[in-house]
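Below is one structure; the comments refer to it alone.
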Amino acid sequence: MNQRPAYGAIFLTFVRNSLMRDMSFRTNFVIECISSLSWAAMNLGFYLLIFQYTDEIGQGSGWGKHEFFVFLATSMLVNSLVQTFFMPNCEELSELIRSGGLDFALLKPIDTQFLVSLQKSDWSSLSNFLLGLGLLGYSQWQLATRATDPLTFGPVALLLYPVYVLCGVVILYSLMIALSATSIWMGRNQTLYDFWFYITNFSRYPMEIYEGTWGSPLRWAFTYMVPVLVVVNVPARVMVQPLRGENAFLALFALAATVASLAASRWIFRRALESYRSASS
Amino acid sequence: MVGRVITWWTILRICLEERLVYRGDFALGTLMRFLPIVTQIFLWSAVFTARDWRPLQGYGYEQFVAYYLLTMVSRAFSSMPGLASGIAGQIRQGEIKKYLIQPVDLIGFLLLTRVAHKAAYYSVAIAPFALVFFLCRSYFGDLPDHAATHSLTTAAAFVVALVMSFLLGFFLETSLGLVGFWFLEVNSLLFVYMLMNFFLSGHMFPLDMLPEPWRTIVELCPLQYLAYFPVAVFLGKFQGGELARALLVEFAWLAFFVALSRILYWRGVKRYSGYGG
């Protein structure tokens, strides 16, 4: 009776069921893949346009065209993973709370946060993951074979990169689940969703751009208070910059931030559940 | 005539009251909408530092910031959240029947609803907008003599362009929604529109930055009037005859979409069949 549920097997079942559902509407699946790819392509076009007018984003920041495209690819990888596994669920959570459907989740003999966070996955978002991998490979190859000052990266970078991409995914997930759990207190929270979108918007750019009277406090807050800036910056720096000084410190900090945000989101989720009153009665 | 005016006034008033219920959410949401601009400004300031602050395609750094802030104004006029998907949904679920049996015109009703929506929105949003523009007033100091800050003609043309961008946005999205009479599911069409709108209306970057042939393509497209054009007028990019000509082209696009939405509605209602009660 008191057996621990087989989380791994259950997760695989969730993933398989979602894939089966996606595959039963194949045309729709293809259209969704094309849509998310075209967003990414337009975004890429925007940065290509920017690099028509400048060689670098930020004087001496080291984010030249191909370095920045490594950054962009990292951003695609992290965001596509979040969108595939967590986004559909967190979107559904506030609906579950509003309609009282969360009751069913609470009754299941399994951890509620696990169930509501992973139940559905959206496979079409993984198309951006592939695009991200392609862009990453292309940019790294361009950097490694350029005539002046070719970039060398060792096995350490290759090993650390996936770890930090996953850390980024975990940080974004924690933020998302914490925000959607607050809808237990607030009822509907459309603005909070926008808030999530706008906050993570800060994570899509190299942290060097936040400078000056307004920028520096912003950079500090989004690194140490709400660590969205480490999400993409740390893995991207691991790939294109030497792991010394500030980079090494940030890399260590990112690990701590991951653990801390996961713990904080877990705490918020539990506190929110305690105040949950079913909608039906 | 009097009866009709009273009907329309009542519709307008009800919608206005409906909208003002959530004003707290509104005001907060409006302020939030400036956040992506903040990151854009940081991004461009990083680009400009790498360029040693040389102007880019006729835009200095200050003008770039002014451009982004002003696109918020033109977007506030031209964006129509939920309009097309709402129409398509009403067609699909059969709610459209009520316009067919009541003596109210669907497009007229929706237009009034939008006007009320926008009026309510501005009455609340004006505070955050005023705050942001006041804080950023220094970015508007360096504009040329024929910009709207100095010239009354340009300012008037800016207002005309804004009003037309509202109407153009409305009739364009209405036409898209009415396609729902033919295809029950218009979401992918709307997605394409949203994507094009995002990049080609000019609220990501000033459209005159684009290299050829993209620039010509974008200039031939009505989307530029939804965000780029009013701002370009404000900044004094168009003058004299050029300005008049551009406004006329915008008007022609508007007339085109008014006619298109009318035709679509008329043809659509003919093929529409409603069952049940």
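Chain labels A, B, ... are given in the sequence in which chains occur in the structure tokens; within each chain residues are numbered consecutively from 1, and ligands are likewise numbered from 1 in the order shown.
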
Restrict the calculation to only C-alpha atoms, then for each residue of chain A with any atom at most 8 Å from an atom of chain B give the closest atom pair and their distance in Å to one decimal, rows by chain and rising residue number, as JSON lines.
{"residue": "A:Ile31", "atom": "CA", "partner": "B:Ser188", "partner_atom": "CA", "distance": 7.6}
{"residue": "A:Ser35", "atom": "CA", "partner": "B:Phe191", "partner_atom": "CA", "distance": 7.5}
{"residue": "A:Trp39", "atom": "CA", "partner": "B:Leu195", "partner_atom": "CA", "distance": 6.9}
{"residue": "A:Met42", "atom": "CA", "partner": "B:Phe199", "partner_atom": "CA", "distance": 7.3}
{"residue": "A:Leu49", "atom": "CA", "partner": "B:Leu210", "partner_atom": "CA", "distance": 7.1}
{"residue": "A:Ile50", "atom": "CA", "partner": "B:Val47", "partner_atom": "CA", "distance": 8.0}
{"residue": "A:Tyr53", "atom": "CA", "partner": "B:Leu56", "partner_atom": "CA", "distance": 7.3}
{"residue": "A:Thr54", "atom": "CA", "partner": "B:Arg51", "partner_atom": "CA", "distance": 6.3}
{"residue": "A:Asp55", "atom": "CA", "partner": "B:Ala50", "partner_atom": "CA", "distance": 7.3}
{"residue": "A:Glu56", "atom": "CA", "partner": "B:Ala50", "partner_atom": "CA", "distance": 6.0}
{"residue": "A:Ile57", "atom": "CA", "partner": "B:Val47", "partner_atom": "CA", "distance": 5.0}
{"residue": "A:Gly58", "atom": "CA", "partner": "B:Ala46", "partner_atom": "CA", "distance": 4.0}
{"residue": "A:Gln59", "atom": "CA", "partner": "B:Ala50", "partner_atom": "CA", "distance": 4.3}
{"residue": "A:Gly60", "atom": "CA", "partner": "B:Ala50", "partner_atom": "CA", "distance": 7.6}
{"residue": "A:Thr191", "atom": "CA", "partner": "B:Gly29", "partner_atom": "CA", "distance": 6.1}
{"residue": "A:Asp194", "atom": "CA", "partner": "B:Met32", "partner_atom": "CA", "distance": 7.8}
{"residue": "A:Phe195", "atom": "CA", "partner": "B:Met32", "partner_atom": "CA", "distance": 7.1}
{"residue": "A:Tyr198", "atom": "CA", "partner": "B:Pro36", "partner_atom": "CA", "distance": 6.2}
{"residue": "A:Asn201", "atom": "CA", "partner": "B:Pro36", "partner_atom": "CA", "distance": 6.6}
{"residue": "A:Phe202", "atom": "CA", "partner": "B:Thr39", "partner_atom": "CA", "distance": 6.3}
{"residue": "A:Tyr205", "atom": "CA", "partner": "B:Leu43", "partner_atom": "CA", "distance": 7.6}
{"residue": "A:Ile209", "atom": "CA", "partner": "B:Ala46", "partner_atom": "CA", "distance": 5.5}
{"residue": "A:Tyr210", "atom": "CA", "partner": "B:Phe42", "partner_atom": "CA", "distance": 6.1}
{"residue": "A:Glu211", "atom": "CA", "partner": "B:Phe42", "partner_atom": "CA", "distance": 7.8}
{"residue": "A:Gly215", "atom": "CA", "partner": "B:Phe42", "partner_atom": "CA", "distance": 7.7}

Export of the given selection (C-alpha atoms) as a short mmCIF file (atom, residue, chain, number, x, y, z; two decimals), in the first residue's frame:
data_model
loop_
_atom_site.label_atom_id
_atom_site.label_comp_id
_atom_site.auth_asym_id
_atom_site.auth_seq_id
_atom_site.Cartn_x
_atom_site.Cartn_y
_atom_site.Cartn_z
CA ILE A 31 1.08 23.08 -38.90
CA SER A 35 4.27 27.88 -36.85
CA TRP A 39 8.47 32.40 -35.22
CA MET A 42 11.54 35.57 -38.01
CA LEU A 49 19.15 42.57 -39.61
CA ILE A 50 20.79 43.91 -36.47
CA TYR A 53 24.41 47.41 -38.78
CA THR A 54 26.83 46.30 -36.09
CA ASP A 55 29.57 43.72 -35.54
CA GLU A 56 28.88 43.25 -31.89
CA ILE A 57 26.09 43.64 -29.37
CA GLY A 58 27.70 45.90 -26.81
CA GLN A 59 31.20 47.33 -27.25
CA GLY A 60 33.80 44.71 -26.33
CA THR A 191 -1.90 39.52 -16.09
CA ASP A 194 1.83 38.27 -19.27
CA PHE A 195 4.11 38.91 -16.36
CA TYR A 198 7.69 39.78 -19.86
CA ASN A 201 11.80 38.36 -22.03
CA PHE A 202 14.74 39.73 -20.04
CA TYR A 205 19.47 38.87 -24.22
CA ILE A 209 23.35 44.86 -22.39
CA TYR A 210 21.89 45.82 -19.01
CA GLU A 211 24.19 48.66 -18.08
CA GLY A 215 20.57 48.61 -16.30
#

Could you go through range 53-259 of chain A and tell me which residues DSSP, when run on the backbone, assigns to helix (DSSP H, G or I), listing them as a PyMOL selection string?
chain A and resi 53+65-85+87-99+102-107+112-118+123-145+155-181+183-186+190-204+207-209+212-225+229-240+245-259

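CA of Phe64 in chain B lies 28.8 Å from CA of Pro227 in chain A.
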
I want to know what sits within 7 Å of Val218 in chain B, based on only C-alpha atoms, with residues of the same chain fewer than 4 positions away left out; could you give that as a tab-separated table (two decimals) with C-alpha atoms, in the first residue's frame?
chain	number	residue	atom	x	y	z
B	200	LEU	CA	6.06	43.60	-40.77
B	214	TRP	CA	12.30	43.43	-48.33
B	224	GLN	CA	2.99	48.96	-42.08

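CA of Asn43 in chain A is found 24.0 Å from CA of Ser121 in chain A.
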
Residues within 10 Å of Ile110 in chain A, please, as a PDB file with N, CA and C atoms, in the first residue's frame. Count only C-alpha atoms; anything in the same chain fewer than 5 positions from it doesn't count.
ATOM      1  N   ARG A   4       6.160   3.532  -3.070  1.00  0.00           N
ATOM      2  CA  ARG A   4       6.443   4.789  -3.767  1.00  0.00           C
ATOM      3  C   ARG A   4       6.046   4.612  -5.231  1.00  0.00           C
ATOM      4  N   PRO A   5       5.268   5.581  -5.774  1.00  0.00           N
ATOM      5  CA  PRO A   5       4.873   5.429  -7.173  1.00  0.00           C
ATOM      6  C   PRO A   5       6.099   5.431  -8.081  1.00  0.00           C
ATOM      7  N   ALA A   6       6.004   4.708  -9.195  1.00  0.00           N
ATOM      8  CA  ALA A   6       7.136   4.635 -10.129  1.00  0.00           C
ATOM      9  C   ALA A   6       7.128   5.870 -11.022  1.00  0.00           C
ATOM     10  N   TYR A   7       7.763   6.966 -10.536  1.00  0.00           N
ATOM     11  CA  TYR A   7       7.677   8.246 -11.232  1.00  0.00           C
ATOM     12  C   TYR A   7       8.213   8.183 -12.655  1.00  0.00           C
ATOM     13  N   ILE A  10       5.734   6.484 -14.921  1.00  0.00           N
ATOM     14  CA  ILE A  10       4.539   7.324 -15.120  1.00  0.00           C
ATOM     15  C   ILE A  10       4.850   8.456 -16.087  1.00  0.00           C
ATOM     16  N   ALA A 105      -6.855  15.749  -9.287  1.00  0.00           N
ATOM     17  CA  ALA A 105      -5.406  15.605  -9.173  1.00  0.00           C
ATOM     18  C   ALA A 105      -5.009  15.364  -7.725  1.00  0.00           C
ATOM     19  N   LEU A 115       2.265  15.568 -10.877  1.00  0.00           N
ATOM     20  CA  LEU A 115       1.149  15.258 -11.771  1.00  0.00           C
ATOM     21  C   LEU A 115       0.733  16.474 -12.581  1.00  0.00           C
TER      22      LEU A 115
END

Taking 3 positions as the minimum chain separation for residues in the same chain, which residues sit within 9 Å of Thr71 in chain B when counting only C-alpha atoms? Answer as a list in words.
Ala66, Tyr67, Tyr68, Ser74, Arg75, Ala76, Gly202, His203, Leu226, Ala227, Tyr228, Pro230 and Val231 of chain B

Just to be explicit: take each residue in the selection above, keep N, CA and C atoms, and write the result as a PDB file, in the first residue's frame.
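What follows is the written file out_20.pdb:
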ATOM      1  N   ALA B  66      12.493  56.857 -29.048  1.00  0.00           N
ATOM      2  CA  ALA B  66      11.232  57.545 -29.330  1.00  0.00           C
ATOM      3  C   ALA B  66      10.377  56.676 -30.249  1.00  0.00           C
ATOM      4  N   TYR B  67      11.027  56.043 -31.235  1.00  0.00           N
ATOM      5  CA  TYR B  67      10.299  55.179 -32.166  1.00  0.00           C
ATOM      6  C   TYR B  67       9.571  54.060 -31.413  1.00  0.00           C
ATOM      7  N   TYR B  68      10.300  53.383 -30.539  1.00  0.00           N
ATOM      8  CA  TYR B  68       9.678  52.267 -29.822  1.00  0.00           C
ATOM      9  C   TYR B  68       8.528  52.736 -28.937  1.00  0.00           C
ATOM     10  N   SER B  74       0.741  53.675 -31.425  1.00  0.00           N
ATOM     11  CA  SER B  74       0.018  53.241 -32.619  1.00  0.00           C
ATOM     12  C   SER B  74      -0.532  51.834 -32.436  1.00  0.00           C
ATOM     13  N   ARG B  75       0.183  50.997 -31.678  1.00  0.00           N
ATOM     14  CA  ARG B  75      -0.350  49.660 -31.398  1.00  0.00           C
ATOM     15  C   ARG B  75      -1.598  49.758 -30.526  1.00  0.00           C
ATOM     16  N   ALA B  76      -1.601  50.731 -29.618  1.00  0.00           N
ATOM     17  CA  ALA B  76      -2.776  50.890 -28.764  1.00  0.00           C
ATOM     18  C   ALA B  76      -3.998  51.222 -29.607  1.00  0.00           C
ATOM     19  N   GLY B 202       6.133  46.748 -38.021  1.00  0.00           N
ATOM     20  CA  GLY B 202       7.176  47.677 -37.587  1.00  0.00           C
ATOM     21  C   GLY B 202       7.287  47.866 -36.100  1.00  0.00           C
ATOM     22  N   HIS B 203       6.641  47.032 -35.310  1.00  0.00           N
ATOM     23  CA  HIS B 203       6.857  47.276 -33.889  1.00  0.00           C
ATOM     24  C   HIS B 203       8.034  46.505 -33.312  1.00  0.00           C
ATOM     25  N   LEU B 226      -0.198  49.848 -39.471  1.00  0.00           N
ATOM     26  CA  LEU B 226      -0.674  49.511 -38.133  1.00  0.00           C
ATOM     27  C   LEU B 226       0.299  49.958 -37.043  1.00  0.00           C
ATOM     28  N   ALA B 227       1.581  50.084 -37.365  1.00  0.00           N
ATOM     29  CA  ALA B 227       2.501  50.526 -36.324  1.00  0.00           C
ATOM     30  C   ALA B 227       3.545  51.503 -36.861  1.00  0.00           C
ATOM     31  N   TYR B 228       4.174  51.152 -37.964  1.00  0.00           N
ATOM     32  CA  TYR B 228       5.301  51.950 -38.450  1.00  0.00           C
ATOM     33  C   TYR B 228       4.889  53.324 -38.931  1.00  0.00           C
ATOM     34  N   PRO B 230       2.252  55.604 -38.608  1.00  0.00           N
ATOM     35  CA  PRO B 230       1.963  56.762 -37.755  1.00  0.00           C
ATOM     36  C   PRO B 230       3.216  57.286 -37.047  1.00  0.00           C
ATOM     37  N   VAL B 231       4.078  56.371 -36.637  1.00  0.00           N
ATOM     38  CA  VAL B 231       5.287  56.793 -35.936  1.00  0.00           C
ATOM     39  C   VAL B 231       6.218  57.545 -36.884  1.00  0.00           C
TER      40      VAL B 231
END

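With distances restricted to only C-alpha atoms, B:Ile11 is the closest residue to Val104 in chain B from B:Leu190, B:Ile11, B:Val249, B:Leu207.
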
Show me, as a PyMOL selection string, the residues that have an atom within 9 Å of Leu273 in chain A when counting only C-alpha atoms, minus same-chain residues fewer than 4 positions from it.
chain A and resi 181+184+268-269+277

May I have the selected residues written with C-alpha atoms, as a JSON list (two decimals), in the first residue's frame?
[["chain", "number", "residue", "atom", "x", "y", "z"],
["A", 181, "ALA", "CA", 0.09, 28.33, -8.30],
["A", 184, "ILE", "CA", -5.20, 29.71, -6.20],
["A", 268, "ILE", "CA", 5.03, 28.20, -2.85],
["A", 269, "PHE", "CA", 3.11, 25.40, -4.55],
["A", 277, "ARG", "CA", -10.93, 25.51, -1.83]]
